[in-house]
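*Asks:* There's a structure below that I have some questions on.
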Amino acid sequence: MIRLDNISKRYGGYQALDSINLDVRDGEFLALLGPSGSGKTTLLRIVAGLAFPDQGSVLFNGEDVTDLKVAERKVGFVFQHYALFKHMTVADNVGFGLSVRPRRARPSKDAIRARAEELLDLVQLRGLGNRYPAQLSGGQRQRVALARALAVEPQLLLLDEPFGALDAQVRKELRRWLRHLHDQMGLTSIFVTHDQEEALELADRVVVMDHGVIEQVGTPEDVYMAPRSRFVSTFVGETNSLPVSIRGGQTHFFDRHIDVAAERVPDGNARLDFRPHDVVVCGEQPGSLPLLVTGVYRRGGEWRVEGELIGVDRTIEVNLDANQPAPEVGKRLGIKVKRAKIFQLSEA
Ligand SMILES: Nc1ncnc2c1ncn2[C@@H]1O[C@H](COP(=O)(O)OP(=O)(O)OP(=O)(O)O)[C@@H](O)[C@H]1O
């Protein structure tokens, strides 16, 4: 449905986006995920028609819309700071996009009011049309903003951290509800977030960005389980990262051999990345990492264990089954890495 073809954008000397290529499928819920300043908002604004690329084109259903302005693109958007109009009632806010249409395309006042009521129903705010934004909670306001975005029947819904300012519980509820709404209405949506949990939970596909480039595009499962770069591995999900050297398909951490196969990795320095839950505890046997426990916390059904790798100045965090007794602080454990990614740094 949407094709971004070789999009670049500079601000002064700063390359905010660098040759971005991306296809968004009809009906897809896509997350743009990356740290602050990675270019997510800039890319979303270019899709919306609120900003224009220096190079490259934006296609909607095969049609070049690169130079079309926002009003000509049939997109709805919800931004964290795109506040509601304070002096307008909730219903007038929702109907705003329809009421500013040119006279010929503008529905009657009654029809706009009826549409606003329908949308308020949809976002579960029935009966609140006569209130003013100040009389609503933060979560309710964001739902009004969403209803306002949907009023113009957009082909495409763009959301920039729409729930960023809300507390964790409300945020979680609203995002699930948003996903449901997206499916129910058959929308295509692009969602900007720097919260990886949000991206992994909501999206059909996640676009991981850093420094104006796309690092990886894939399903949540892909980017979590098969990160293509060290950046993705450390940014998406929690990761322990240790400096290792590879010799003849064997992995060495300082002078210790550890039991992680590296058959296809050339000799040289590398990083060994593994998730806190991808370990098992064993005795301090050859091939394991010797760990001195420095902290233990409960996290749902698991113990989060922090520890120092003995003999080297490195700490790691691992998850252990909380059905087992918690390891004591000061105890030594052997840690076997069950699953890891090795990223080559330099050849020997
Ligand atoms: N109008 C502008 N003028 C100058 N620089 C800008 C402008 N808009 C964005 N930038 C710069 O471009 C880079 C990308 O910004 P962008 O807002 O797209 O990042 P982001 O990934 O959305 O970050 P955040 O999560 O903090 O919103 C940043 O370094 C930012 O300072």
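The chains in the structure tokens are called A, B, ... from first to last as shown; in each chain the residues are counted from 1, and the ligands are counted from 1 in the order shown.
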For ligand 1, return the neighbouring residues as a list in words (distance at most 8 Å; only C-alpha atoms and all ligand atoms).
*Replies:*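 Within the 8 Å cut-off, the matching residues are Arg10, Tyr11, Gly12, Tyr14, Gln15, Ala16, Leu17, Leu33, Gly34, Pro35, Ser36, Gly37, Ser38, Gly39, Lys40, Thr41, Thr42, Leu43, Leu44, Val192, Thr193, His194, Met209, Asp210, His211 and Gly212 of chain A.
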*Asks:* Those residues you just picked out, can you put them in a file as a CSV table (one decimal), in the first residue's frame with C-alpha atoms?
*Replies:*
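Printed below is again21.csv as written:
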chain,number,residue,atom,x,y,z
A,10,ARG,CA,19.0,16.4,6.1
A,11,TYR,CA,18.5,19.1,8.7
A,12,GLY,CA,21.5,21.5,8.2
A,14,TYR,CA,22.6,16.4,10.1
A,15,GLN,CA,21.5,13.4,8.2
A,16,ALA,CA,18.1,12.6,9.9
A,17,LEU,CA,17.2,9.9,7.3
A,33,LEU,CA,11.1,1.4,16.8
A,34,GLY,CA,14.4,3.2,17.7
A,35,PRO,CA,16.1,5.4,20.3
A,36,SER,CA,15.6,9.1,20.5
A,37,GLY,CA,16.8,10.9,17.5
A,38,SER,CA,16.9,7.8,15.2
A,39,GLY,CA,14.5,9.5,12.7
A,40,LYS,CA,11.2,7.8,13.5
A,41,THR,CA,9.2,11.0,13.7
A,42,THR,CA,10.8,12.5,10.7
A,43,LEU,CA,9.9,9.4,8.7
A,44,LEU,CA,6.3,9.4,10.0
A,192,VAL,CA,6.2,5.3,16.4
A,193,THR,CA,7.6,4.1,19.7
A,194,HIS,CA,10.9,3.9,21.5
A,209,MET,CA,15.9,2.3,13.2
A,210,ASP,CA,19.1,3.9,14.4
A,211,HIS,CA,20.9,7.0,13.2
A,212,GLY,CA,18.5,7.6,10.3
*Asks:* Once you count only C-alpha atoms, what closest atom pair and distance in Å to one decimal does each residue of range 99-204 of chain A within 9 Å of range 71-94 of chain A have, with rows by chain and rising residue number, as CSV?
*Replies:*
residue,atom,partner,partner_atom,distance
A:Ser99,CA,A:Asp92,CA,8.6
A:Ile112,CA,A:Asp92,CA,8.7
A:Arg113,CA,A:Ala91,CA,6.9
A:Arg115,CA,A:Val94,CA,8.7
A:Ala116,CA,A:Ala91,CA,5.6
A:Glu117,CA,A:Ala91,CA,7.0
A:Leu119,CA,A:Val94,CA,7.8
A:Leu120,CA,A:Ala91,CA,7.9
A:Leu128,CA,A:Val90,CA,7.0
A:Gly129,CA,A:Ala91,CA,4.4
A:Asn130,CA,A:Thr89,CA,5.4
A:Arg131,CA,A:Thr89,CA,5.5
A:Tyr132,CA,A:Thr89,CA,4.6
A:Pro133,CA,A:Lys86,CA,5.8
A:Ala134,CA,A:Lys86,CA,7.0
A:Arg141,CA,A:Leu84,CA,7.6
A:Gln142,CA,A:Val78,CA,8.1
A:Val144,CA,A:Val94,CA,6.6
A:Ala145,CA,A:Val78,CA,6.2
A:Leu146,CA,A:Val78,CA,6.2
A:Ala147,CA,A:Val94,CA,5.8
A:Arg148,CA,A:Val94,CA,4.0
A:Ala149,CA,A:Gly76,CA,4.5
A:Leu150,CA,A:Gly76,CA,6.1
A:Ala151,CA,A:Val94,CA,6.6
A:Val152,CA,A:Gly76,CA,7.2
A:Glu153,CA,A:Lys74,CA,7.6
A:Pro154,CA,A:Val75,CA,4.7
A:Gln155,CA,A:Val75,CA,6.0
A:Leu156,CA,A:Val75,CA,4.9
A:Leu157,CA,A:Gly76,CA,4.8
A:Leu158,CA,A:Phe77,CA,4.5
A:Leu159,CA,A:Val78,CA,4.8
A:Asp160,CA,A:Phe79,CA,4.7
A:Glu161,CA,A:Gln80,CA,5.5
A:Pro162,CA,A:Gln80,CA,4.5
A:Phe163,CA,A:Gln80,CA,6.6
A:Gly164,CA,A:Gln80,CA,6.4
A:Ala165,CA,A:Gln80,CA,7.1
*Asks:* The selected residues should be written to file as a short mmCIF file (atom, residue, chain, number, x, y, z; two decimals), in the first residue's frame (atoms: N, CA and C atoms).
*Replies:*
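again.cif written:
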data_model
loop_
_atom_site.label_atom_id
_atom_site.label_comp_id
_atom_site.auth_asym_id
_atom_site.auth_seq_id
_atom_site.Cartn_x
_atom_site.Cartn_y
_atom_site.Cartn_z
N SER A 99 -15.69 19.31 9.61
CA SER A 99 -16.28 20.65 9.57
C SER A 99 -15.40 21.65 8.81
N ILE A 112 -22.48 15.65 10.90
CA ILE A 112 -21.18 15.67 11.58
C ILE A 112 -21.36 15.27 13.05
N ARG A 113 -22.40 15.80 13.65
CA ARG A 113 -22.68 15.49 15.05
C ARG A 113 -22.95 13.98 15.21
N ARG A 115 -21.94 11.58 13.25
CA ARG A 115 -20.68 10.84 13.02
C ARG A 115 -19.80 10.90 14.27
N ALA A 116 -19.75 12.08 14.90
CA ALA A 116 -18.94 12.24 16.11
C ALA A 116 -19.46 11.31 17.21
N GLU A 117 -20.79 11.23 17.33
CA GLU A 117 -21.37 10.34 18.35
C GLU A 117 -20.99 8.88 18.08
N LEU A 119 -18.38 7.78 16.50
CA LEU A 119 -16.96 7.56 16.79
C LEU A 119 -16.70 7.54 18.29
N LEU A 120 -17.42 8.37 19.04
CA LEU A 120 -17.24 8.36 20.49
C LEU A 120 -17.69 7.01 21.07
N LEU A 128 -20.03 11.47 26.34
CA LEU A 128 -19.11 12.51 26.83
C LEU A 128 -18.91 13.64 25.82
N GLY A 129 -19.71 13.65 24.76
CA GLY A 129 -19.53 14.61 23.67
C GLY A 129 -19.63 16.06 24.08
N ASN A 130 -20.37 16.34 25.13
CA ASN A 130 -20.54 17.75 25.53
C ASN A 130 -19.50 18.24 26.53
N ARG A 131 -18.63 17.35 26.94
CA ARG A 131 -17.57 17.78 27.87
C ARG A 131 -16.50 18.54 27.11
N TYR A 132 -15.63 19.19 27.89
CA TYR A 132 -14.44 19.83 27.32
C TYR A 132 -13.22 18.97 27.67
N PRO A 133 -12.17 19.07 26.85
CA PRO A 133 -11.00 18.21 27.09
C PRO A 133 -10.49 18.24 28.53
N ALA A 134 -10.54 19.42 29.15
CA ALA A 134 -10.04 19.53 30.53
C ALA A 134 -10.82 18.65 31.50
N ARG A 141 -8.60 11.50 26.80
CA ARG A 141 -8.21 12.51 25.79
C ARG A 141 -7.55 11.87 24.58
N GLN A 142 -6.70 10.89 24.85
CA GLN A 142 -6.03 10.24 23.73
C GLN A 142 -7.03 9.47 22.87
N VAL A 144 -10.10 10.46 22.43
CA VAL A 144 -10.77 11.50 21.64
C VAL A 144 -9.89 11.86 20.44
N ALA A 145 -8.58 11.99 20.69
CA ALA A 145 -7.66 12.32 19.59
C ALA A 145 -7.73 11.25 18.50
N LEU A 146 -7.88 10.01 18.93
CA LEU A 146 -7.97 8.91 17.98
C LEU A 146 -9.29 8.99 17.21
N ALA A 147 -10.37 9.28 17.90
CA ALA A 147 -11.67 9.43 17.23
C ALA A 147 -11.59 10.57 16.22
N ARG A 148 -10.90 11.64 16.58
CA ARG A 148 -10.77 12.77 15.66
C ARG A 148 -9.99 12.35 14.41
N ALA A 149 -8.95 11.55 14.63
CA ALA A 149 -8.16 11.09 13.48
C ALA A 149 -8.98 10.17 12.57
N LEU A 150 -9.88 9.40 13.17
CA LEU A 150 -10.65 8.43 12.39
C LEU A 150 -11.84 9.06 11.67
N ALA A 151 -12.22 10.28 12.10
CA ALA A 151 -13.43 10.91 11.57
C ALA A 151 -13.36 11.10 10.05
N VAL A 152 -12.17 11.35 9.54
CA VAL A 152 -12.05 11.63 8.11
C VAL A 152 -11.88 10.34 7.30
N GLU A 153 -12.15 9.20 7.95
CA GLU A 153 -12.02 7.89 7.29
C GLU A 153 -10.70 7.73 6.56
N PRO A 154 -9.61 7.79 7.32
CA PRO A 154 -8.30 7.73 6.69
C PRO A 154 -8.01 6.34 6.13
N GLN A 155 -7.21 6.31 5.07
CA GLN A 155 -6.71 5.02 4.57
C GLN A 155 -5.63 4.53 5.52
N LEU A 156 -5.02 5.51 6.13
CA LEU A 156 -3.80 5.22 6.86
C LEU A 156 -3.84 5.98 8.17
N LEU A 157 -3.51 5.27 9.24
CA LEU A 157 -3.48 5.91 10.56
C LEU A 157 -2.03 5.99 11.03
N LEU A 158 -1.59 7.19 11.38
CA LEU A 158 -0.21 7.38 11.82
C LEU A 158 -0.22 7.81 13.28
N LEU A 159 0.57 7.14 14.08
CA LEU A 159 0.55 7.41 15.52
C LEU A 159 1.96 7.64 16.02
N ASP A 160 2.19 8.78 16.63
CA ASP A 160 3.53 9.07 17.15
C ASP A 160 3.49 9.06 18.67
N GLU A 161 3.96 7.99 19.25
CA GLU A 161 3.97 7.82 20.71
C GLU A 161 2.64 8.30 21.30
N PRO A 162 1.52 7.78 20.83
CA PRO A 162 0.24 8.37 21.22
C PRO A 162 -0.05 8.20 22.71
N PHE A 163 0.55 7.19 23.31
CA PHE A 163 0.24 6.94 24.72
C PHE A 163 1.43 7.23 25.62
N GLY A 164 2.40 7.94 25.06
CA GLY A 164 3.66 8.18 25.77
C GLY A 164 3.49 8.84 27.13
N ALA A 165 2.49 9.71 27.24
CA ALA A 165 2.38 10.48 28.48
C ALA A 165 1.52 9.78 29.53
#
*Asks:* Please identify which residues in range 219-277 of chain A DSSP calls strand (DSSP E or B) from the backbone, and express them as a compact mmCIF listing (two decimals) with C-alpha atoms, in the first residue's frame.
*Replies:*
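Output file out06.txt is given in full below:
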# COMPACT_ATOMS: atom_id res chain seq x y z
CA ASN A 240 24.11 -9.57 28.06
CA SER A 241 27.04 -8.77 25.85
CA LEU A 242 30.50 -10.19 26.47
CA PRO A 243 33.74 -9.72 24.54
CA VAL A 244 34.92 -13.10 23.26
CA SER A 245 37.43 -14.45 20.83
CA ILE A 246 36.73 -17.20 18.35
CA ARG A 247 39.38 -19.78 17.47
CA GLN A 250 35.41 -22.46 19.68
CA THR A 251 34.43 -19.55 21.87
CA HIS A 252 36.80 -18.12 24.48
CA PHE A 253 35.99 -15.59 27.13
CA ARG A 256 38.40 -19.66 29.41
CA HIS A 257 36.72 -21.88 26.83
CA ILE A 258 32.95 -21.59 27.01
CA GLY A 268 38.88 -13.18 15.60
CA ASN A 269 37.29 -10.92 18.18
CA ALA A 270 33.54 -10.99 18.59
CA ARG A 271 30.69 -10.15 20.92
CA LEU A 272 28.66 -12.88 22.50
CA ASP A 273 25.09 -11.68 23.11
CA PHE A 274 22.57 -13.69 25.07
*Asks:* Assign secondary structure with DSSP using the backbone only, and return the residues of range 63-240 of chain A in alpha helix (DSSP H) as an NGL selection string.
*Replies:* :A and (90-99 or 109-122 or 138-151 or 168-185 or 196-202 or 220-225 or 230-235)
*Asks:* What lies within 10 Å of Glu201 in chain A using only C-alpha atoms, ignoring chain neighbours under 6 positions off, as a list in words?
*Replies:* Ala31, Lys172, Arg175, Arg176, Arg179 and Pro220 of chain A
*Asks:* Calculate how many Å separate CA of Glu28 in chain A from CA of Ala203 in chain A, rounding to one decimal.
*Replies:* 8.1 Å
*Asks:* When you draw a straight line from CA of Val232 in chain A to CA of Gly334 in chain A, how long is it in Å?
*Replies:*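 So the answer is 27.7 Å.
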*Asks:* Which one is closest to Asp259 in chain A: A:Arg3, A:Lys338, A:Lys109, A:Arg104? Count only C-alpha atoms.
*Replies:* A:Lys338
*Asks:* Give the answer as one residue: which of A:Ala168, A:Ile310, A:Met225, A:Leu187 has the shortest atom-to-atom distance to Ala340 in chain A, using only C-alpha atoms?
*Replies:* A:Met225
*Asks:* Just how far from CA of Leu32 in chain A is CA of Gly237 in chain A, in Å to one decimal?
*Replies:*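 One can read the CA of Gly237 in chain A to CA of Leu32 in chain A distance as 15.3 Å.
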*Asks:* What's around Asp26 in chain A at 9 Å? Count only C-alpha atoms, leave out sequence neighbours fewer than 4 positions away in its own chain, and write the answer as a ChimeraX atom specification.
*Replies:* /A:1-2,186-188
*Asks:* Mind dumping the selected residues with C-alpha atoms as a PDB file, in the first residue's frame?
*Replies:*
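File result.pdb, as written:
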ATOM      1  CA  MET A   1       0.000   0.000   0.000  1.00  0.00           C
ATOM      2  CA  ILE A   2       2.807   2.397   0.853  1.00  0.00           C
ATOM      3  CA  GLY A 186      -9.384  -2.768   8.610  1.00  0.00           C
ATOM      4  CA  LEU A 187      -6.908   0.103   8.930  1.00  0.00           C
ATOM      5  CA  THR A 188      -3.302   0.305   7.895  1.00  0.00           C
TER       6      THR A 188
END
*Asks:* Would you please work out which residue, of A:Ser189, A:Val24, A:Gly307, A:Leu292, is nearest to Gly62 in chain A when using only C-alpha atoms?
*Replies:*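 The shortest atom-to-atom distance to Gly62 in chain A comes from A:Val24.
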